[in-house]
$ cat model_36.txt   # compact mmCIF, C-alpha atoms
# COMPACT_ATOMS: atom_id res chain seq x y z
CA MET A 380 15.46 12.23 7.72
CA ILE A 381 13.09 12.16 10.71
CA GLU A 382 15.85 10.54 12.78
CA SER A 383 18.34 13.28 11.82
CA PHE A 384 15.77 15.93 12.71
CA ARG A 385 15.07 14.26 16.05
CA ALA A 386 18.80 14.01 16.81
CA LEU A 387 19.36 17.66 15.90
CA PHE A 388 16.47 19.01 17.98
CA ALA A 389 16.42 16.42 20.78
CA PRO A 390 15.37 17.90 24.15
CA PRO A 391 16.33 20.36 25.53
CA ARG A 392 17.11 21.83 22.07
CA ASP A 393 13.47 21.35 20.95
CA ILE A 394 12.69 24.65 22.68
CA LEU A 395 14.56 26.36 19.80
CA LEU A 396 11.74 25.27 17.47
CA LEU A 397 9.18 27.03 19.64
CA ALA A 398 11.35 30.15 19.86
CA ALA A 399 11.77 30.19 16.05
CA ALA A 400 8.01 29.70 15.56
CA LEU A 401 7.29 32.62 17.89
CA TRP A 402 9.78 34.86 16.09
CA ILE A 403 8.39 33.97 12.62
CA GLY A 404 4.81 34.40 13.85
CA LEU A 405 5.66 37.79 15.30
CA ALA A 406 7.18 38.90 11.96
CA PHE A 407 4.06 37.75 10.06
CA ALA A 408 1.58 39.22 12.53
CA GLU A 409 3.35 42.58 12.79
CA LYS A 410 3.01 43.04 9.02
CA ARG A 411 -0.77 43.02 9.26
CA SER A 412 -1.48 44.32 12.75
CA GLU A 413 -2.45 47.76 11.46
CA ARG A 414 -5.01 46.16 9.16
CA HIS A 415 -6.77 45.03 12.35
CA GLY A 416 -6.60 48.50 13.88
CA VAL A 417 -3.68 47.71 16.21
CA SER A 418 -0.59 49.89 15.79
CA LYS A 419 2.77 48.14 15.44
CA ASP A 420 4.04 49.67 18.68
CA ALA A 421 0.98 48.63 20.67
CA PHE A 422 1.15 45.18 19.10
CA ASN A 423 4.84 44.66 19.95
CA ASN A 424 4.34 45.94 23.50
CA LEU A 425 1.34 43.66 23.98
CA VAL A 426 3.35 40.61 22.86
CA PHE A 427 6.37 41.61 24.96
CA TYR A 428 4.40 42.16 28.17
CA SER A 429 2.35 39.00 27.68
CA LEU A 430 5.48 36.94 27.05
CA PHE A 431 7.13 38.42 30.12
CA GLY A 432 3.98 37.63 32.11
CA TYR A 433 4.02 34.06 30.78
CA LEU A 434 7.62 33.40 31.80
CA LEU A 435 7.46 35.15 35.17
CA GLY A 436 3.93 33.98 36.01
CA GLY A 437 4.68 30.36 35.04
CA ARG A 438 7.70 30.25 37.35
CA ILE A 439 6.04 32.04 40.27
CA LEU A 440 2.87 29.94 40.13
CA PHE A 441 4.98 26.76 39.98
CA ALA A 442 6.92 27.91 43.04
CA LEU A 443 3.69 28.77 44.90
CA ALA A 444 2.12 25.40 44.06
CA ASN A 445 5.29 23.59 45.20
CA TYR A 446 6.45 26.02 47.89
CA SER A 447 7.69 23.24 50.18
CA ALA A 448 10.18 22.19 47.47
CA PHE A 449 11.70 25.67 47.55
CA THR A 450 11.95 26.18 51.32
CA ASP A 451 15.40 24.54 51.51
CA SER A 452 16.64 26.15 48.31
CA PRO A 453 14.73 29.41 47.69
CA LEU A 454 17.30 30.60 45.13
CA ASN A 455 16.13 27.75 42.87
CA ILE A 456 13.34 30.11 41.82
CA PHE A 457 15.98 31.70 39.55
CA SER A 458 17.13 28.30 38.20
CA LEU A 459 17.51 27.91 34.44
CA ASN A 460 15.62 24.56 34.57
CA THR A 461 12.68 24.99 32.21
CA ASP A 462 10.87 22.15 34.01
CA LEU A 463 10.31 24.38 37.06
CA PHE A 464 7.37 25.94 35.27
CA ASP A 465 3.58 25.88 35.26
CA PRO A 466 2.61 26.34 31.57
CA ILE A 467 -1.15 26.64 32.21
CA GLY A 468 -0.61 29.15 35.01
CA GLY A 469 1.84 31.05 32.80
CA LEU A 470 -0.73 31.19 30.03
CA PHE A 471 -3.35 32.50 32.46
CA ILE A 472 -1.00 35.29 33.59
CA ALA A 473 -0.05 36.11 29.97
CA VAL A 474 -3.75 36.49 29.03
CA LEU A 475 -4.35 38.61 32.13
CA VAL A 476 -1.37 40.88 31.37
CA GLY A 477 -2.46 41.17 27.73
CA MET A 478 -6.00 42.10 28.76
CA ILE A 479 -4.82 44.74 31.23
CA TYR A 480 -2.48 46.26 28.62
CA GLY A 481 -5.21 46.12 25.95
CA LYS A 482 -7.67 47.84 28.28
CA LYS A 483 -5.15 50.59 29.10
CA GLN A 484 -4.45 51.17 25.41
CA ASN A 485 -8.14 50.94 24.45
CA LEU A 486 -7.47 48.07 22.05
CA SER A 487 -10.52 46.30 20.67
CA PHE A 488 -10.76 42.76 22.09
CA TRP A 489 -11.66 40.99 18.84
CA ASN A 490 -9.35 43.08 16.64
CA THR A 491 -6.43 42.34 18.94
CA LEU A 492 -7.14 38.61 18.86
CA ASP A 493 -7.29 38.77 15.05
CA ALA A 494 -3.94 40.58 14.97
CA LEU A 495 -2.40 37.91 17.23
CA THR A 496 -3.78 34.95 15.25
CA PRO A 497 -0.74 34.49 12.93
CA ILE A 498 1.42 34.04 16.06
CA PHE A 499 -0.93 31.38 17.40
CA ALA A 500 -0.86 29.65 14.01
CA THR A 501 2.94 29.52 13.71
CA LEU A 502 3.26 28.51 17.37
CA ALA A 503 1.01 25.54 16.63
CA ILE A 504 3.36 24.49 13.81
CA GLY A 505 6.39 24.93 16.08
CA LEU A 506 4.70 22.96 18.86
CA HIS A 507 4.08 19.95 16.60
CA LEU A 508 7.67 20.12 15.32
CA SER A 509 8.93 20.15 18.91
CA HIS A 510 6.69 17.15 19.65
CA LEU A 511 8.25 15.33 16.71
CA ALA A 512 11.75 16.16 17.97
CA ALA A 513 10.97 15.05 21.52
CA GLY A 514 8.86 12.04 20.50
CA THR A 515 5.96 13.29 22.60
CA ALA A 516 2.29 13.43 21.45
CA PHE A 517 3.03 10.11 19.72
CA GLY A 518 0.66 7.97 17.69
CA SER A 519 -0.87 4.57 18.27
CA PRO A 520 0.75 1.51 16.67
CA THR A 521 -0.04 1.00 12.97
CA THR A 522 0.84 -1.23 10.05
CA LEU A 523 0.38 1.59 7.52
CA PRO A 524 3.42 2.10 5.24
CA TRP A 525 3.99 5.69 6.42
CA GLY A 526 4.23 4.70 10.10
CA ILE A 527 7.36 5.86 11.93
CA ASP A 528 9.49 3.86 14.36
CA LEU A 529 9.07 5.44 17.75
CA TRP A 530 9.16 4.08 21.29
CA ASN A 531 9.70 0.48 20.20
CA ALA A 532 6.78 0.30 17.75
CA THR A 533 5.76 1.47 14.29
CA ARG A 534 3.33 4.30 15.00
CA HIS A 535 1.07 6.81 13.30
CA PRO A 536 3.22 9.93 12.73
CA THR A 537 0.64 12.04 14.59
CA GLN A 538 3.12 14.88 15.08
CA ILE A 539 3.44 15.11 11.28
CA TYR A 540 -0.34 14.83 10.75
CA GLU A 541 -0.83 17.68 13.22
CA MET A 542 1.94 19.75 11.68
CA ILE A 543 0.40 19.38 8.20
CA ALA A 544 -3.00 20.38 9.60
CA SER A 545 -1.43 23.43 11.29
CA LEU A 546 0.36 24.43 8.07
CA ALA A 547 -2.93 24.16 6.17
CA ILE A 548 -4.72 26.25 8.82
CA PHE A 549 -1.96 28.88 8.68
CA ALA A 550 -2.28 29.01 4.86
CA LEU A 551 -6.07 29.37 5.14
CA ILE A 552 -5.90 32.28 7.55
CA TRP A 553 -2.93 34.03 5.90
CA PHE A 554 -3.92 33.75 2.23
CA ARG A 555 -7.62 34.53 2.67
CA LYS A 556 -8.97 36.89 0.02
CA THR A 557 -12.09 38.29 1.69
CA GLU A 558 -12.19 40.89 4.46
CA LEU A 559 -13.62 39.46 7.66
CA SER A 560 -15.53 41.11 10.47
CA PRO A 561 -13.67 41.57 13.81
CA GLY A 562 -13.09 38.30 15.65
CA THR A 563 -13.88 36.06 12.69
CA LEU A 564 -10.24 35.35 11.83
CA PHE A 565 -9.45 34.28 15.40
CA LEU A 566 -12.64 32.23 15.73
CA ASN A 567 -12.02 30.54 12.36
CA PHE A 568 -8.48 29.66 13.44
CA THR A 569 -9.66 28.30 16.80
CA ALA A 570 -12.51 26.30 15.24
CA LEU A 571 -10.21 24.80 12.57
CA THR A 572 -7.58 23.92 15.17
CA ALA A 573 -10.21 22.31 17.41
CA GLY A 574 -11.61 20.40 14.42
CA ALA A 575 -8.16 19.14 13.46
CA ARG A 576 -7.48 18.03 17.03
CA LEU A 577 -10.87 16.31 17.25
CA PHE A 578 -10.11 14.31 14.10
CA LEU A 579 -6.40 13.57 14.67
CA GLU A 580 -6.64 12.69 18.36
CA ALA A 581 -8.12 9.37 17.23
CA PHE A 582 -4.66 8.34 16.01
CA ARG A 583 -2.82 9.27 19.21
CA GLY A 584 -1.30 6.64 21.47
CA ASP A 585 -1.15 8.80 24.60
CA SER A 586 -4.74 10.02 24.93
CA THR A 587 -6.17 10.58 28.37
CA LEU A 588 -9.26 8.38 28.46
CA ILE A 589 -12.50 9.15 30.29
CA PHE A 590 -15.88 7.42 30.74
CA GLY A 591 -14.94 4.05 29.31
CA GLY A 592 -12.56 4.99 26.54
CA PHE A 593 -13.59 8.44 25.29
CA ARG A 594 -10.62 10.66 24.56
CA LEU A 595 -10.60 13.75 26.78
CA ALA A 596 -8.90 15.95 24.15
CA GLN A 597 -11.63 15.12 21.60
CA VAL A 598 -14.40 16.02 24.04
CA ALA A 599 -12.60 19.30 24.90
CA ALA A 600 -12.03 20.08 21.19
CA TRP A 601 -15.73 19.47 20.48
CA ALA A 602 -16.70 21.86 23.30
CA VAL A 603 -14.31 24.50 21.87
CA LEU A 604 -15.92 24.00 18.46
CA VAL A 605 -19.38 24.61 19.97
CA ILE A 606 -18.14 27.78 21.72
CA CYS A 607 -16.59 29.09 18.48
CA ILE A 608 -19.80 28.49 16.53
CA VAL A 609 -21.92 30.21 19.20
CA LEU A 610 -19.53 33.20 19.33
CA LYS A 611 -19.52 33.50 15.54
CA GLN A 612 -23.32 33.55 15.56
CA VAL A 613 -23.40 36.16 18.34
CA ASN A 614 -20.88 38.38 16.51
CA ARG A 615 -22.86 38.02 13.28
CA GLN A 616 -26.11 39.00 15.03
CA LYS A 617 -24.43 42.01 16.66
CA GLU A 618 -23.12 43.05 13.26
CA SER A 619 -26.53 42.80 11.59
CA ILE A 620 -28.08 44.92 14.39
CA ASN A 621 -25.38 47.58 13.89
CA MET B 312 -32.12 31.32 3.72
CA LEU B 313 -28.33 31.66 3.90
CA ALA B 314 -28.49 31.84 7.70
CA LEU B 315 -30.58 28.64 7.81
CA LYS B 316 -28.11 26.83 5.54
CA ARG B 317 -25.23 27.99 7.73
CA ARG B 318 -26.96 26.77 10.89
CA LEU B 319 -27.67 23.39 9.32
CA ALA B 320 -24.02 23.15 8.27
CA TYR B 321 -22.90 23.92 11.85
CA ILE B 322 -25.26 21.30 13.28
CA PHE B 323 -24.01 18.77 10.73
CA ILE B 324 -20.35 19.49 11.65
CA LEU B 325 -21.07 19.10 15.37
CA LEU B 326 -22.98 15.84 14.84
CA LEU B 327 -20.14 14.55 12.68
CA GLY B 328 -17.72 15.45 15.48
CA LEU B 329 -19.81 13.56 18.04
CA ALA B 330 -19.99 10.52 15.76
CA TRP B 331 -16.19 10.58 15.34
CA ILE B 332 -15.71 10.77 19.14
CA LEU B 333 -17.91 7.69 19.56
CA LEU B 334 -16.29 5.84 16.67
CA SER B 335 -12.71 6.50 17.75
CA ALA B 336 -13.21 5.76 21.45
CA ASP B 337 -10.48 3.48 22.74
CA LYS B 338 -12.69 1.08 24.72
CA ASN B 339 -9.91 -1.43 25.49
CA ALA B 340 -7.30 1.29 26.06
CA ALA B 341 -5.40 -0.56 23.30
CA SER B 342 -3.45 2.47 22.13
CA PHE B 343 -2.31 3.48 25.57
CA ALA B 344 1.42 3.38 26.16
CA GLY B 345 1.64 1.83 29.65
CA THR B 346 1.86 -1.80 28.55
CA THR B 347 5.13 -1.70 26.58
CA ALA B 348 8.65 -0.73 27.57
CA ALA B 349 10.16 2.48 26.18
CA PRO B 350 12.11 5.43 27.61
CA GLN B 351 9.17 7.84 27.50
CA VAL B 352 6.59 9.15 29.96
CA GLY B 353 3.69 6.74 30.37
CA PHE B 354 5.64 3.64 29.28
CA LEU B 355 7.11 0.83 31.38
CA ALA B 356 10.74 1.62 32.15
CA PRO B 357 13.01 -0.66 30.06
CA ASP B 358 14.51 -3.28 32.34
CA PHE B 359 18.26 -3.78 32.75
CA SER B 360 20.78 -5.48 34.96
CA LEU B 361 24.20 -3.86 35.40
CA PRO B 362 27.27 -4.40 37.60
CA THR B 363 28.35 -2.03 40.38
CA PRO B 364 32.07 -1.12 40.73
CA ASP B 365 32.21 -3.70 43.60
CA GLY B 366 31.21 -6.52 41.24
CA ASP B 367 27.60 -6.93 42.50
CA SER B 368 24.75 -6.39 40.08
CA ILE B 369 21.39 -4.62 40.31
CA ARG B 370 18.30 -5.34 38.18
CA LEU B 371 15.77 -2.54 37.79
CA SER B 372 12.72 -4.85 37.84
CA ASP B 373 13.82 -6.20 41.27
CA LEU B 374 13.10 -2.72 42.65
CA ARG B 375 9.37 -2.85 41.76
CA GLY B 376 7.41 -1.39 44.68
CA GLN B 377 10.01 1.35 45.19
CA ALA B 378 10.25 4.71 43.42
CA VAL B 379 13.40 4.84 41.30
CA LEU B 380 15.41 7.69 39.84
CA VAL B 381 17.63 6.43 37.01
CA ASN B 382 20.30 9.06 36.30
CA LEU B 383 22.56 8.59 33.26
CA TRP B 384 25.88 10.40 33.71
CA ALA B 385 29.59 10.57 32.94
CA THR B 386 32.54 11.94 34.91
CA TRP B 387 33.55 14.34 32.11
CA CYS B 388 30.07 15.92 31.86
CA PRO B 389 29.95 19.28 33.77
CA PRO B 390 26.16 19.38 34.38
CA CYS B 391 26.31 15.75 35.62
CA ARG B 392 28.96 16.78 38.14
CA ALA B 393 26.95 19.86 39.12
CA GLU B 394 23.73 17.99 39.91
CA MET B 395 25.27 15.13 41.92
CA PRO B 396 25.27 16.96 45.30
CA ALA B 397 21.55 17.75 44.91
CA ILE B 398 20.78 14.12 43.99
CA GLU B 399 22.76 12.91 47.03
CA LYS B 400 20.88 15.31 49.30
CA ILE B 401 17.46 14.26 47.97
CA TYR B 402 18.41 10.57 48.16
CA ASN B 403 19.30 10.90 51.84
CA GLU B 404 16.08 12.76 52.55
CA TYR B 405 13.74 10.33 50.81
CA LYS B 406 15.45 6.90 50.87
CA ASP B 407 13.49 5.87 53.99
CA ASP B 408 10.26 6.68 52.11
CA GLY B 409 11.20 4.19 49.38
CA LEU B 410 13.36 6.18 46.96
CA VAL B 411 16.16 4.37 45.15
CA VAL B 412 18.68 6.25 43.00
CA LEU B 413 20.53 4.31 40.31
CA ALA B 414 23.34 6.43 38.89
CA VAL B 415 24.25 4.67 35.66
CA ASN B 416 27.68 5.72 34.47
CA MET B 417 27.95 5.67 30.68
CA THR B 418 31.21 3.74 31.01
CA TYR B 419 31.35 3.04 27.27
CA GLN B 420 31.86 6.80 26.78
CA ASP B 421 33.80 7.28 30.00
CA SER B 422 36.65 5.67 31.93
CA ALA B 423 35.83 3.00 34.53
CA SER B 424 38.91 4.04 36.51
CA ALA B 425 37.54 7.61 36.85
CA VAL B 426 34.27 6.48 38.44
CA MET B 427 35.36 5.61 42.00
CA PRO B 428 37.48 8.75 42.54
CA PHE B 429 34.45 10.78 41.34
CA VAL B 430 32.13 8.93 43.76
CA GLN B 431 34.53 9.50 46.66
CA GLU B 432 35.09 13.15 45.76
CA HIS B 433 31.33 13.84 45.85
CA GLY B 434 30.62 11.49 48.78
CA LEU B 435 27.90 9.62 46.88
CA THR B 436 26.11 6.91 48.86
CA PHE B 437 23.54 5.68 46.31
CA PRO B 438 24.27 2.74 43.98
CA ILE B 439 26.53 3.42 41.00
CA LEU B 440 26.18 1.14 37.96
CA LEU B 441 28.61 0.70 35.09
CA ASP B 442 27.19 0.57 31.56
CA GLU B 443 30.21 -0.79 29.69
CA SER B 444 28.39 -2.11 26.63
CA ALA B 445 25.83 0.72 26.08
CA LEU B 446 23.01 -1.59 27.26
CA VAL B 447 21.18 1.19 29.11
CA GLY B 448 22.44 3.91 26.75
CA ARG B 449 20.67 2.10 23.88
CA ALA B 450 17.57 0.99 25.80
CA TYR B 451 17.02 4.54 27.08
CA GLN B 452 17.88 6.07 23.68
CA LEU B 453 20.44 8.41 25.25
CA ARG B 454 20.76 11.71 23.34
CA SER B 455 22.10 14.12 25.98
CA LEU B 456 23.90 13.85 29.32
CA PRO B 457 22.72 13.96 32.01
CA SER B 458 19.34 12.28 31.47
CA SER B 459 17.06 11.41 34.36
CA PHE B 460 14.08 9.05 34.43
CA PHE B 461 11.67 9.21 37.37
CA ILE B 462 9.98 5.81 37.72
CA THR B 463 6.90 5.05 39.85
CA ARG B 464 6.55 2.12 42.24
CA GLU B 465 4.64 0.33 39.43
CA GLY B 466 7.61 0.68 37.07
CA ILE B 467 6.06 3.35 34.84
CA ILE B 468 8.13 6.35 33.74
CA ASN B 469 6.48 9.40 35.28
CA GLU B 470 8.88 12.11 34.12
CA VAL B 471 11.97 12.47 31.96
CA VAL B 472 14.43 15.33 32.42
CA ILE B 473 16.96 15.65 29.62
CA GLY B 474 19.92 17.90 30.30
CA GLY B 475 20.92 19.56 33.51
CA PRO B 476 21.96 20.35 36.10
CA MET B 477 18.64 19.69 37.81
CA ALA B 478 17.81 22.16 40.56
CA GLU B 479 17.15 20.71 44.00
CA ALA B 480 13.56 22.01 43.91
CA LEU B 481 12.94 20.22 40.60
CA LEU B 482 14.32 16.97 42.01
CA ARG B 483 12.16 17.34 45.09
CA THR B 484 8.90 17.92 43.16
CA ARG B 485 9.57 15.01 40.79
CA VAL B 486 10.62 12.62 43.57
CA GLU B 487 7.56 13.48 45.69
CA GLU B 488 5.44 12.74 42.61
CA ILE B 489 6.84 9.18 42.15
CA LEU B 490 6.68 8.41 45.86
CA LYS B 491 2.88 9.00 45.96

$ encode --input "model_36.txt" --output "structure tokens"
Amino acid sequence: MIESFRALFAPPRDILLLAAALWIGLAFAEKRSERHGVSKDAFNNLVFYSLFGYLLGGRILFALANYSAFTDSPLNIFSLNTDLFDPIGGLFIAVLVGMIYGKKQNLSFWNTLDALTPIFATLAIGLHLSHLAAGTAFGSPTTLPWGIDLWNATRHPTQIYEMIASLAIFALIWFRKTELSPGTLFLNFTALTAGARLFLEAFRGDSTLIFGGFRLAQVAAWAVLVICIVLKQVNRQKESIN
Amino acid sequence: MLALKRRLAYIFILLLGLAWILLSADKNAASFAGTTAAPQVGFLAPDFSLPTPDGDSIRLSDLRGQAVLVNLWATWCPPCRAEMPAIEKIYNEYKDDGLVVLAVNMTYQDSASAVMPFVQEHGLTFPILLDESALVGRAYQLRSLPSSFFITREGIINEVVIGGPMAEALLRTRVEEILK
């Protein structure tokens, strides 16, 4: 079954999984955006402009960082190659565009993040599915019976572990029963995602190692966890003062 | 009281996280990919030896010390045809810096007699290899054509580009990366 899935969504078709995850996330998030004080129109515009900023910004920043590669063939900036892209730079531009739009529309920072959280949650599921299809983010070798054959070894199915964790996180944030204060939904999602990454990174076979074997992603996830806890405390204190 | 309990729970979670980081550290880099051969970024490029249309043969591991672009292609594949001029241009620009291009024709899905006319039509000067028994197709787990593997001087796969045609700028950035 995994082999059929991998054959069906082998790169470059794995991008369809991310597109589907974005579309599903948008449908979920739009349903509840007004609950977070963000109108459907403002929400859709915010997502559209940010996405546009991501795609355009990612390509332009890649071209700027590699300008010498484009001097002979400047029209390549319009190429359909998805590899000519800076995903981190694109994300930075998307956040910037989103913040400018939010400021113009007087959207509350924390409420907007809460409204966007279902998109982040489904994108995480789509990302792990695309990793499974492409065979990236693979696990370390194992003798456990549920190991999968990948890259000439039986490995931990880390993409499936991470997908299950993301599904569970989505269920936790979507089916919650209690009303939460602004920002809590987003911070809970981020903390849970960081916690899952911190735990599951231990089974990865492609970790970037630092300082004698520590896994960089675990250290980063732990730092994110600390930031989330501090921000939750700050928000709680602000709330009790108000 | 509730706030104190919550703070203690947070401290406990963070300490647990730190303990897990220490416990799961990979001190011998045992899980890292770079020691085995597989067609994925970070792994050693699977070795192969294939004949050229002239009857010579080329072995990938003999090219250690040079940066290698392995391009899997077929004459009937439109994006393969479209990217060949860019590959030829980049090859001519960087061959003196140590770039080798191995264009492996998937002969088992193609026609050997179509290869040389294709090479002459496009004026290709880099080595063409014939994969008649799917040796490279299997070793590189071919799923789409064209597929390109950018291999460092140490023999490690640095980048994989599945599908095409690759833009000249993409080829240039990837080639400059493996020539470092």

$ interface_residues --input "model_36.txt" --of "chain A" --to "chain B" --cutoff "6 Å" --atoms "only C-alpha atoms" --output "mmCIF file with C-alpha atoms, in the coordinates of the input"
data_model
loop_
_atom_site.group_PDB
_atom_site.id
_atom_site.type_symbol
_atom_site.label_atom_id
_atom_site.label_comp_id
_atom_site.auth_asym_id
_atom_site.auth_seq_id
_atom_site.Cartn_x
_atom_site.Cartn_y
_atom_site.Cartn_z
ATOM 1 C CA ALA A 448 10.180 22.190 47.470
ATOM 2 C CA PHE A 449 11.700 25.670 47.550
ATOM 3 C CA SER A 519 -0.870 4.570 18.270
ATOM 4 C CA TRP A 530 9.160 4.080 21.290
ATOM 5 C CA ALA A 581 -8.120 9.370 17.230
ATOM 6 C CA GLY A 584 -1.300 6.640 21.470
ATOM 7 C CA ASP A 585 -1.150 8.800 24.600
ATOM 8 C CA GLY A 591 -14.940 4.050 29.310
ATOM 9 C CA GLY A 592 -12.560 4.990 26.540
ATOM 10 C CA PHE A 593 -13.590 8.440 25.290
#

$ residues_near_point --input "model_36.txt" --point "(3.4, 2.7, 36.2)" --cutoff "12 Å" --atoms "only C-alpha atoms" --output "JSON list (two decimals) with C-alpha atoms, in the frame of the given file"
[["chain", "number", "residue", "atom", "x", "y", "z"],
["B", 344, "ALA", "CA", 1.42, 3.38, 26.16],
["B", 345, "GLY", "CA", 1.64, 1.83, 29.65],
["B", 346, "THR", "CA", 1.86, -1.80, 28.55],
["B", 347, "THR", "CA", 5.13, -1.70, 26.58],
["B", 348, "ALA", "CA", 8.65, -0.73, 27.57],
["B", 351, "GLN", "CA", 9.17, 7.84, 27.50],
["B", 352, "VAL", "CA", 6.59, 9.15, 29.96],
["B", 353, "GLY", "CA", 3.69, 6.74, 30.37],
["B", 354, "PHE", "CA", 5.64, 3.64, 29.28],
["B", 355, "LEU", "CA", 7.11, 0.83, 31.38],
["B", 356, "ALA", "CA", 10.74, 1.62, 32.15],
["B", 357, "PRO", "CA", 13.01, -0.66, 30.06],
["B", 375, "ARG", "CA", 9.37, -2.85, 41.76],
["B", 376, "GLY", "CA", 7.41, -1.39, 44.68],
["B", 377, "GLN", "CA", 10.01, 1.35, 45.19],
["B", 378, "ALA", "CA", 10.25, 4.71, 43.42],
["B", 379, "VAL", "CA", 13.40, 4.84, 41.30],
["B", 461, "PHE", "CA", 11.67, 9.21, 37.37],
["B", 462, "ILE", "CA", 9.98, 5.81, 37.72],
["B", 463, "THR", "CA", 6.90, 5.05, 39.85],
["B", 464, "ARG", "CA", 6.55, 2.12, 42.24],
["B", 465, "GLU", "CA", 4.64, 0.33, 39.43],
["B", 466, "GLY", "CA", 7.61, 0.68, 37.07],
["B", 467, "ILE", "CA", 6.06, 3.35, 34.84],
["B", 468, "ILE", "CA", 8.13, 6.35, 33.74],
["B", 469, "ASN", "CA", 6.48, 9.40, 35.28],
["B", 470, "GLU", "CA", 8.88, 12.11, 34.12],
["B", 489, "ILE", "CA", 6.84, 9.18, 42.15],
["B", 490, "LEU", "CA", 6.68, 8.41, 45.86],
["B", 491, "LYS", "CA", 2.88, 9.00, 45.96]]

$ residues_around --input "model_36.txt" --residues "Ile479 (chain A)" --least-positions-apart "6" --cutoff "10 Å" --atoms "all atoms listed in the file" --output "ChimeraX atom specification"
/A:425,429,473,485

$ closest_residue --input "model_36.txt" --among "A:Phe471, A:Asn460, A:Lys556, A:Ala421" --to "Gly437 (chain A)" --atoms "only C-alpha atoms"
A:Phe471

$ residues_around --input "model_36.txt" --residues "Thr522 (chain A)" --least-positions-apart "5" --cutoff "9 Å" --atoms "only C-alpha atoms" --output "list in words"
Thr533, Arg534 and His535 of chain A

$ write_last_selection --input "model_36.txt" --atoms "C-alpha atoms" --output "CSV table (one decimal), in the coordinates of the input"
chain,number,residue,atom,x,y,z
A,533,THR,CA,5.8,1.5,14.3
A,534,ARG,CA,3.3,4.3,15.0
A,535,HIS,CA,1.1,6.8,13.3

$ residues_around --input "model_36.txt" --residues "Ala602 (chain A)" --least-positions-apart "2" --cutoff "12 Å" --atoms "all atoms listed in the file" --output "list in words"
Thr569, Ala570, Ala573, Gly574, Arg576, Leu577, Leu595, Ala596, Gln597, Val598, Ala599, Ala600, Leu604, Val605, Ile606, Cys607, Ile608 and Val609 of chain A; Leu325, Gly328, Leu329 and Ile332 of chain B

$ write_last_selection --input "model_36.txt" --atoms "C-alpha atoms" --output "mmCIF file, in the coordinates of the input"
data_model
loop_
_atom_site.group_PDB
_atom_site.id
_atom_site.type_symbol
_atom_site.label_atom_id
_atom_site.label_comp_id
_atom_site.auth_asym_id
_atom_site.auth_seq_id
_atom_site.Cartn_x
_atom_site.Cartn_y
_atom_site.Cartn_z
ATOM 1 C CA THR A 569 -9.660 28.300 16.800
ATOM 2 C CA ALA A 570 -12.510 26.300 15.240
ATOM 3 C CA ALA A 573 -10.210 22.310 17.410
ATOM 4 C CA GLY A 574 -11.610 20.400 14.420
ATOM 5 C CA ARG A 576 -7.480 18.030 17.030
ATOM 6 C CA LEU A 577 -10.870 16.310 17.250
ATOM 7 C CA LEU A 595 -10.600 13.750 26.780
ATOM 8 C CA ALA A 596 -8.900 15.950 24.150
ATOM 9 C CA GLN A 597 -11.630 15.120 21.600
ATOM 10 C CA VAL A 598 -14.400 16.020 24.040
ATOM 11 C CA ALA A 599 -12.600 19.300 24.900
ATOM 12 C CA ALA A 600 -12.030 20.080 21.190
ATOM 13 C CA LEU A 604 -15.920 24.000 18.460
ATOM 14 C CA VAL A 605 -19.380 24.610 19.970
ATOM 15 C CA ILE A 606 -18.140 27.780 21.720
ATOM 16 C CA CYS A 607 -16.590 29.090 18.480
ATOM 17 C CA ILE A 608 -19.800 28.490 16.530
ATOM 18 C CA VAL A 609 -21.920 30.210 19.200
ATOM 19 C CA LEU B 325 -21.070 19.100 15.370
ATOM 20 C CA GLY B 328 -17.720 15.450 15.480
ATOM 21 C CA LEU B 329 -19.810 13.560 18.040
ATOM 22 C CA ILE B 332 -15.710 10.770 19.140
#

$ closest_residue --input "model_36.txt" --among "A:Phe568, A:Phe582, A:Phe554, A:Trp525" --to "Ile498 (chain A)" --atoms "only C-alpha atoms"
A:Phe568

$ atom_distance --input "model_36.txt" --atom1 "CA of Gly505 (chain A)" --atom2 "CA of Gln538 (chain A)"
10.6 Å

$ residues_around --input "model_36.txt" --residues "Thr537 (chain A)" --least-positions-apart "2" --cutoff "8 Å" --atoms "only C-alpha atoms" --output "PyMOL selection string"
chain A and resi 516-518+535+539-541+579+582-583

$ atom_distance --input "model_36.txt" --atom1 "CA of Phe437 (chain B)" --atom2 "CA of Val411 (chain B)"
7.6 Å

$ decode --input "model_36.txt" --residues "region 400-413 of chain A" --atoms "C-alpha atoms" --output "short mmCIF file (atom, residue, chain, number, x, y, z; two decimals), in the first residue's frame"
data_model
loop_
_atom_site.label_atom_id
_atom_site.label_comp_id
_atom_site.auth_asym_id
_atom_site.auth_seq_id
_atom_site.Cartn_x
_atom_site.Cartn_y
_atom_site.Cartn_z
CA ALA A 400 -3.90 20.02 2.47
CA LEU A 401 -3.98 23.80 1.99
CA TRP A 402 -7.40 23.66 0.33
CA ILE A 403 -8.87 21.41 3.07
CA GLY A 404 -7.32 23.57 5.79
CA LEU A 405 -8.75 26.70 4.21
CA ALA A 406 -12.24 25.12 4.13
CA PHE A 407 -11.99 24.13 7.82
CA ALA A 408 -10.53 27.44 8.97
CA GLU A 409 -13.03 29.57 7.04
CA LYS A 410 -15.89 27.84 8.87
CA ARG A 411 -14.69 29.13 12.21
CA SER A 412 -12.88 32.36 11.34
CA GLU A 413 -15.79 34.51 12.54
#
